[in-house]
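Okay, final.txt is below, compact mmCIF, C-alpha atoms and all ligand atoms:
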```
# COMPACT_ATOMS: atom_id res chain seq x y z
CA MET Z 1479 -31.75 -31.86 19.99
CA MET Z 1480 -32.03 -30.64 23.57
CA VAL Z 1481 -28.45 -29.28 23.47
CA ASN Z 1482 -29.23 -27.34 20.28
CA CYS Z 1483 -32.30 -25.81 21.93
CA TRP Z 1484 -30.15 -24.61 24.85
CA ARG Z 1485 -27.66 -23.13 22.43
CA VAL Z 1486 -30.39 -21.17 20.63
CA CYS Z 1487 -31.72 -19.91 23.96
CA LEU Z 1488 -28.26 -18.82 25.08
CA VAL Z 1489 -27.70 -16.91 21.83
CA LEU Z 1490 -31.08 -15.18 22.21
CA VAL Z 1491 -30.23 -14.15 25.79
CA LEU Z 1492 -26.83 -12.81 24.70
CA MET Z 1493 -28.40 -10.87 21.84
CA THR Z 1494 -30.85 -9.26 24.25
CA VAL Z 1495 -28.01 -8.26 26.60
CA GLU Z 1496 -26.04 -6.83 23.68
CA THR Z 1497 -28.99 -4.77 22.44
CA ALA Z 1498 -29.47 -3.41 25.94
CA LEU Z 1499 -25.83 -2.46 26.16
CA SER Z 1500 -25.88 -0.53 22.89
CA ALA Z 1501 -29.10 1.26 23.84
CA ASP Z 1502 -27.37 2.26 27.04
CA GLY Z 1503 -24.64 3.93 24.96
CA SER Z 1504 -21.81 1.93 26.47
CA MET Z 1505 -21.13 0.07 23.22
CA HIS Z 1506 -20.41 1.75 19.90
CA SER Z 1507 -20.72 0.39 16.41
CA LEU Z 1508 -18.21 1.41 13.75
CA ARG Z 1509 -21.10 3.23 12.04
CA GLY Z 1510 -21.29 5.59 15.02
CA ALA Z 1511 -24.64 7.06 15.95
CA ALA Z 1512 -25.91 7.18 12.35
CA VAL Z 1513 -29.22 5.41 11.92
CA ILE Z 1514 -29.17 2.52 9.54
CA ASP Z 1515 -31.48 4.09 6.94
CA GLY Z 1516 -29.90 7.56 7.18
CA PRO Z 1517 -27.09 8.80 4.92
CA SER Z 1518 -23.67 7.46 5.92
CA VAL Z 1519 -20.89 9.87 6.84
CA THR Z 1520 -18.08 10.07 4.30
CA PRO Z 1521 -14.82 9.17 6.03
CA LEU Z 1522 -12.21 11.93 5.97
CA ALA Z 1523 -9.79 11.53 3.06
CA LYS Z 1524 -6.37 10.58 4.40
CA GLU Z 1525 -3.43 12.67 3.31
CA TRP Z 1526 -0.72 11.09 1.12
CA ARG Z 1527 2.82 11.04 2.38
CA ASP Z 1528 4.35 13.33 -0.22
CA GLY Z 1529 7.42 15.51 -0.56
CA GLU Z 1530 9.06 14.48 2.72
CA GLY Z 1531 11.94 12.58 1.17
CA LYS Z 1532 12.66 8.89 0.64
CA ILE Z 1533 11.59 6.32 3.21
CA GLN Z 1534 14.35 4.26 4.77
CA ARG Z 1535 14.32 0.57 3.79
CA ASN Z 1536 14.18 -2.09 6.47
CA TYR Z 1537 15.95 -4.96 4.72
CA ILE Z 1538 18.09 -5.40 1.65
CA GLN Z 1539 15.47 -6.98 -0.66
CA GLN Z 1540 12.69 -4.54 0.26
CA PRO Z 1541 10.97 -2.83 -2.66
CA PRO Z 1542 11.33 0.82 -1.59
CA LEU Z 1543 8.07 2.43 -0.47
CA ILE Z 1544 6.77 5.22 -2.69
CA PRO Z 1545 7.29 8.54 -0.88
CA HIS Z 1546 4.87 10.48 -3.10
CA THR Z 1547 1.24 10.42 -4.20
CA VAL Z 1548 0.29 8.18 -7.13
CA GLU Z 1549 -3.04 9.92 -7.69
CA GLY Z 1550 -3.85 10.12 -11.40
CA MET Z 1551 -0.97 7.86 -12.48
CA SER Z 1552 -1.76 4.82 -14.56
CA ILE Z 1553 -0.10 1.58 -15.57
CA ASP Z 1554 -1.76 -0.23 -18.47
CA GLN Z 1555 -1.05 -1.59 -21.93
CA ASP Z 1556 -0.80 1.93 -23.37
CA GLY Z 1557 1.82 3.19 -20.99
CA ASN Z 1558 3.32 3.42 -17.54
CA THR Z 1559 3.37 6.87 -15.89
CA CYS Z 1560 5.99 5.77 -13.35
CA LEU Z 1561 8.55 5.19 -16.07
CA MET Z 1562 8.29 8.81 -17.26
CA CYS Z 1563 10.35 9.70 -14.20
CA HIS Z 1564 11.95 6.41 -13.11
CA GLN Z 1565 13.06 4.86 -16.43
CA TRP Z 1566 16.85 4.32 -16.54
CA ASN Z 1567 17.28 7.25 -18.95
CA ALA Z 1568 14.53 9.58 -17.64
CA ASP Z 1569 15.51 13.16 -17.01
CA MET Z 1570 13.92 13.63 -13.59
CA PRO Z 1571 16.28 14.88 -10.90
CA GLY Z 1572 15.92 13.05 -7.59
CA ALA Z 1573 13.83 10.13 -8.94
CA THR Z 1574 15.78 6.92 -8.28
CA LYS Z 1575 16.32 4.98 -11.50
CA VAL Z 1576 14.65 1.56 -11.72
CA ALA Z 1577 17.02 -1.11 -10.48
CA VAL Z 1578 18.97 -3.22 -13.01
CA SER Z 1579 17.14 -6.24 -11.54
CA HIS Z 1580 14.00 -4.91 -13.26
CA PHE Z 1581 15.53 -5.64 -16.68
CA ILE Z 1582 16.10 -9.35 -16.06
CA ASP Z 1583 13.48 -11.85 -17.21
CA ARG Z 1584 12.63 -15.03 -15.36
CA GLN Z 1585 15.15 -17.05 -17.39
CA GLY Z 1586 17.84 -14.69 -16.10
CA ARG Z 1587 18.32 -12.94 -19.46
CA ALA Z 1588 19.16 -9.23 -19.50
CA LEU Z 1589 16.61 -7.18 -21.47
CA ALA Z 1590 16.73 -3.69 -22.99
CA THR Z 1591 13.27 -2.85 -21.65
CA ILE Z 1592 11.55 -3.39 -18.29
CA SER Z 1593 10.89 -7.07 -17.74
CA PRO Z 1594 7.17 -7.90 -18.02
CA ARG Z 1595 7.27 -9.26 -14.50
CA ARG Z 1596 8.31 -5.82 -13.25
CA TYR Z 1597 5.94 -3.75 -15.38
CA PHE Z 1598 3.17 -3.38 -12.80
CA CYS Z 1599 5.18 -1.35 -10.30
CA ASN Z 1600 2.49 -1.20 -7.66
CA GLN Z 1601 2.51 -4.98 -7.27
CA CYS Z 1602 5.57 -4.39 -5.10
CA HIS Z 1603 5.95 -0.63 -4.53
CA VAL Z 1604 3.22 1.01 -2.48
CA PRO Z 1605 2.51 4.64 -1.60
CA GLN Z 1606 1.77 5.62 1.98
CA LYS Z 1607 -1.06 7.54 3.62
CA LYS Z 1608 -0.84 9.30 6.94
CA THR Z 1609 -3.02 7.07 9.03
CA ARG Z 1610 -2.91 4.84 12.06
CA PRO Z 1611 -2.06 1.20 11.24
CA LEU Z 1612 -5.16 -1.02 11.32
CA LEU Z 1613 -3.19 -3.74 13.06
CA GLY Z 1614 -0.15 -3.69 15.28
CA SER Z 1615 3.07 -5.30 14.10
CA ARG Z 1616 6.04 -6.71 15.94
CA PHE Z 1617 8.27 -6.50 12.86
CA LYS Z 1618 11.76 -5.29 13.69
CA THR Z 1619 14.10 -3.84 11.11
CA ALA Z 1620 17.00 -6.05 10.04
CA ILE Z 1621 19.25 -2.99 9.88
CA VAL Z 1622 21.83 -2.93 12.65
CA ASP Z 1623 24.00 0.08 13.39
C1 LIG K 1 6.66 13.16 -11.91
C2 LIG K 1 7.73 12.24 -11.67
C3 LIG K 1 7.42 10.94 -10.97
C4 LIG K 1 6.45 10.00 -11.29
C5 LIG K 1 5.44 10.04 -12.42
C6 LIG K 1 6.61 8.92 -10.34
N1 LIG K 1 7.64 9.18 -9.48
FE1 LIG K 1 8.33 7.96 -8.02
N2 LIG K 1 9.65 9.41 -7.42
C7 LIG K 1 9.84 10.62 -8.04
C8 LIG K 1 10.80 11.41 -7.29
C9 LIG K 1 11.29 12.82 -7.63
C10 LIG K 1 11.19 10.59 -6.18
C11 LIG K 1 12.13 10.96 -5.05
C12 LIG K 1 11.26 11.62 -3.99
C13 LIG K 1 12.02 12.16 -2.81
O1 LIG K 1 13.25 12.06 -2.74
O2 LIG K 1 11.30 12.69 -1.91
C14 LIG K 1 10.46 9.34 -6.31
C15 LIG K 1 10.57 8.27 -5.44
C16 LIG K 1 10.04 7.02 -5.68
C17 LIG K 1 10.39 5.80 -4.96
C18 LIG K 1 11.40 5.69 -3.81
C19 LIG K 1 12.78 5.36 -4.36
C20 LIG K 1 13.82 5.23 -3.28
O3 LIG K 1 15.01 5.27 -3.66
O4 LIG K 1 13.50 5.11 -2.11
C21 LIG K 1 9.66 4.79 -5.49
C22 LIG K 1 9.68 3.32 -5.10
C23 LIG K 1 8.85 5.36 -6.54
N3 LIG K 1 9.09 6.72 -6.63
C24 LIG K 1 7.96 4.63 -7.31
C25 LIG K 1 7.09 5.20 -8.22
C26 LIG K 1 5.99 4.49 -8.85
C27 LIG K 1 5.67 3.02 -8.64
C28 LIG K 1 5.37 5.37 -9.68
C29 LIG K 1 4.15 5.16 -10.51
C30 LIG K 1 2.94 4.72 -9.81
C31 LIG K 1 6.10 6.64 -9.59
N4 LIG K 1 7.10 6.51 -8.66
C32 LIG K 1 5.82 7.77 -10.33
C33 LIG K 1 9.22 11.05 -9.20
C34 LIG K 1 8.16 10.41 -9.82
C1 LIG K 2 8.04 -7.96 -8.48
C2 LIG K 2 8.27 -6.81 -7.60
C3 LIG K 2 8.64 -5.48 -8.22
C4 LIG K 2 8.02 -4.83 -9.28
C5 LIG K 2 6.83 -5.27 -10.10
C6 LIG K 2 8.74 -3.58 -9.43
N1 LIG K 2 9.74 -3.48 -8.50
FE1 LIG K 2 11.00 -1.92 -8.21
N2 LIG K 2 12.01 -2.95 -6.79
C7 LIG K 2 11.64 -4.17 -6.30
C8 LIG K 2 12.64 -4.62 -5.32
C9 LIG K 2 12.59 -5.92 -4.54
C10 LIG K 2 13.60 -3.58 -5.23
C11 LIG K 2 14.84 -3.54 -4.33
C12 LIG K 2 15.88 -4.53 -4.81
C13 LIG K 2 16.36 -4.18 -6.16
O1 LIG K 2 16.93 -3.09 -6.33
O2 LIG K 2 16.14 -4.98 -7.07
C14 LIG K 2 13.18 -2.55 -6.17
C15 LIG K 2 13.84 -1.37 -6.38
C16 LIG K 2 13.34 -0.29 -7.10
C17 LIG K 2 13.90 1.04 -7.14
C18 LIG K 2 15.16 1.51 -6.40
C19 LIG K 2 16.36 1.19 -7.23
C20 LIG K 2 17.66 1.55 -6.55
O3 LIG K 2 18.70 1.53 -7.25
O4 LIG K 2 17.69 1.85 -5.34
C21 LIG K 2 13.10 1.80 -7.94
C22 LIG K 2 13.25 3.27 -8.28
C23 LIG K 2 12.05 0.94 -8.43
N3 LIG K 2 12.23 -0.32 -7.92
C24 LIG K 2 11.04 1.35 -9.27
C25 LIG K 2 10.15 0.49 -9.88
C26 LIG K 2 9.24 0.88 -10.95
C27 LIG K 2 9.11 2.27 -11.53
C28 LIG K 2 8.54 -0.25 -11.29
C29 LIG K 2 7.54 -0.40 -12.41
C30 LIG K 2 8.03 -0.12 -13.76
C31 LIG K 2 8.97 -1.34 -10.42
N4 LIG K 2 9.96 -0.84 -9.60
C32 LIG K 2 8.45 -2.63 -10.41
C33 LIG K 2 10.54 -4.91 -6.68
C34 LIG K 2 9.72 -4.61 -7.73
```
What is this structure when it is put down as structure tokens?
Amino acid sequence: MMVNCWRVCLVLVLMTVETALSADGSMHSLRGAAVIDGPSVTPLAKEWRDGEGKIQRNYIQQPPLIPHTVEGMSIDQDGNTCLMCHQWNADMPGATKVAVSHFIDRQGRALATISPRRYFCNQCHVPQKKTRPLLGSRFKTAIVD
């Protein structure tokens, strides 16, 4: 009981110190200087990586990253915009054709249409925005010269 009381006191002291620090301006919240009941600032829209060519893959099984915007494209039961350009027989110069692996079902059978497990392209393929990574990464490419 006594220990708990000390803990509560310590937390209260720390909270007071923290409040003092922020009032002093030496600590910043992610919200910036905006007051809590004021309108929040809309973050700047990040630019899509688009039209700069394909992105090099880092390992053999990597789903290639999407080097263009996917704004306005949809994938649902009525259709798949991606396939308009990437289907094996699409007439879109420069758009890599979907891999043959995308026509194999989970029993290993070859299909004439995209396998259902590959229909939702953005489960594996992701577009890129020009932004700083939220977290660092120590990943190193498996590609050796
Ligand atoms: C209007 C045509 C068009 C549509 C629609 C489209 N793409 Fe693309 N896509 C391209 C073209 C062209 C390229 C090649 C871009 C380049 O070389 O800069 C490309 C490149 C790619 C690549 C990189 C391939 C590689 O070899 O590195 C992937 C992955 C991709 N698209 C996935 C998608 C997905 C997923 C969708 C749907 C959300 C989609 N695309 C919709 C035209 C399209
Ligand atoms: C379950 C994950 C997954 C899904 C879903 C998926 N892909 Fe892929 N895709 C991959 C992987 C992994 C590769 C690279 C290995 C390979 O070629 O199979 C790849 C390769 C590709 C390539 C490059 C092919 C080449 O010859 O270099 C294109 C283009 C592509 N996918 C487009 C699509 C489109 C369009 C869709 C949706 C209709 C889609 N993918 C759905 C995982 C996926």
Write as a JSON list (two decimals) with C-alpha atoms, keeping the file's coordinate frame the residues around ligand LIG 1 (chain K), taking 8 Å as the cut-off and counting only C-alpha atoms and all ligand atoms.
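In the end it all went to pocket.json:
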```
[["chain", "number", "residue", "atom", "x", "y", "z"],
["Z", 1528, "ASP", "CA", 4.35, 13.33, -0.22],
["Z", 1529, "GLY", "CA", 7.42, 15.51, -0.56],
["Z", 1530, "GLU", "CA", 9.06, 14.48, 2.72],
["Z", 1531, "GLY", "CA", 11.94, 12.58, 1.17],
["Z", 1532, "LYS", "CA", 12.66, 8.89, 0.64],
["Z", 1533, "ILE", "CA", 11.59, 6.32, 3.21],
["Z", 1534, "GLN", "CA", 14.35, 4.26, 4.77],
["Z", 1535, "ARG", "CA", 14.32, 0.57, 3.79],
["Z", 1541, "PRO", "CA", 10.97, -2.83, -2.66],
["Z", 1542, "PRO", "CA", 11.33, 0.82, -1.59],
["Z", 1543, "LEU", "CA", 8.07, 2.43, -0.47],
["Z", 1544, "ILE", "CA", 6.77, 5.22, -2.69],
["Z", 1545, "PRO", "CA", 7.29, 8.54, -0.88],
["Z", 1546, "HIS", "CA", 4.87, 10.48, -3.10],
["Z", 1548, "VAL", "CA", 0.29, 8.18, -7.13],
["Z", 1551, "MET", "CA", -0.97, 7.86, -12.48],
["Z", 1552, "SER", "CA", -1.76, 4.82, -14.56],
["Z", 1553, "ILE", "CA", -0.10, 1.58, -15.57],
["Z", 1558, "ASN", "CA", 3.32, 3.42, -17.54],
["Z", 1559, "THR", "CA", 3.37, 6.87, -15.89],
["Z", 1560, "CYS", "CA", 5.99, 5.77, -13.35],
["Z", 1561, "LEU", "CA", 8.55, 5.19, -16.07],
["Z", 1562, "MET", "CA", 8.29, 8.81, -17.26],
["Z", 1563, "CYS", "CA", 10.35, 9.70, -14.20],
["Z", 1564, "HIS", "CA", 11.95, 6.41, -13.11],
["Z", 1570, "MET", "CA", 13.92, 13.63, -13.59],
["Z", 1571, "PRO", "CA", 16.28, 14.88, -10.90],
["Z", 1572, "GLY", "CA", 15.92, 13.05, -7.59],
["Z", 1573, "ALA", "CA", 13.83, 10.13, -8.94],
["Z", 1574, "THR", "CA", 15.78, 6.92, -8.28],
["Z", 1575, "LYS", "CA", 16.32, 4.98, -11.50],
["Z", 1599, "CYS", "CA", 5.18, -1.35, -10.30],
["Z", 1600, "ASN", "CA", 2.49, -1.20, -7.66],
["Z", 1603, "HIS", "CA", 5.95, -0.63, -4.53],
["Z", 1604, "VAL", "CA", 3.22, 1.01, -2.48],
["Z", 1605, "PRO", "CA", 2.51, 4.64, -1.60]]
```
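Across the model, the gap from CA of Ser1615 (chain Z) to CA of Val1576 (chain Z) is 29.1 Å.
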For this session: Would you please work out which residue, of Z:Asn1567, Z:Thr1547, Z:Ser1518, Z:Gln1601, is nearest to ligand LIG 2 (chain K) when using all atoms listed in the file?
Result: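 Between Z:Asn1567, Z:Thr1547, Z:Ser1518, Z:Gln1601, the residue approaching ligand LIG 2 (chain K) most closely is Z:Gln1601.
Counting all atoms listed in the file and comparing Z:Arg1610, Z:Phe1598, Z:Thr1619, Z:Ser1593, the residue that lies closest to ligand LIG 2 (chain K) is Z:Phe1598.
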Using 5 Å of padding on each side, determine the axis-aligned box around all atoms of ligand LIG 2 (chain K) present in the file and give its centre and edge lengths in Å to one decimal, as JSON.
```
{"center_x": 12.8, "center_y": -2.3, "center_z": -9.0, "size_x": 21.9, "size_y": 21.2, "size_z": 19.4}
```
Exercise. Distance CA of Gly1510 (chain Z)-CA of Leu1522 (chain Z), one decimal place?
Worked result: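 Computed distance, CA of Gly1510 (chain Z) to CA of Leu1522 (chain Z), equals 14.3 Å.
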Problem set entry | Separation of CA of His1506 (chain Z) from CA of Lys1607 (chain Z) in Å |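 Interatomic distance here is 25.9 Å.
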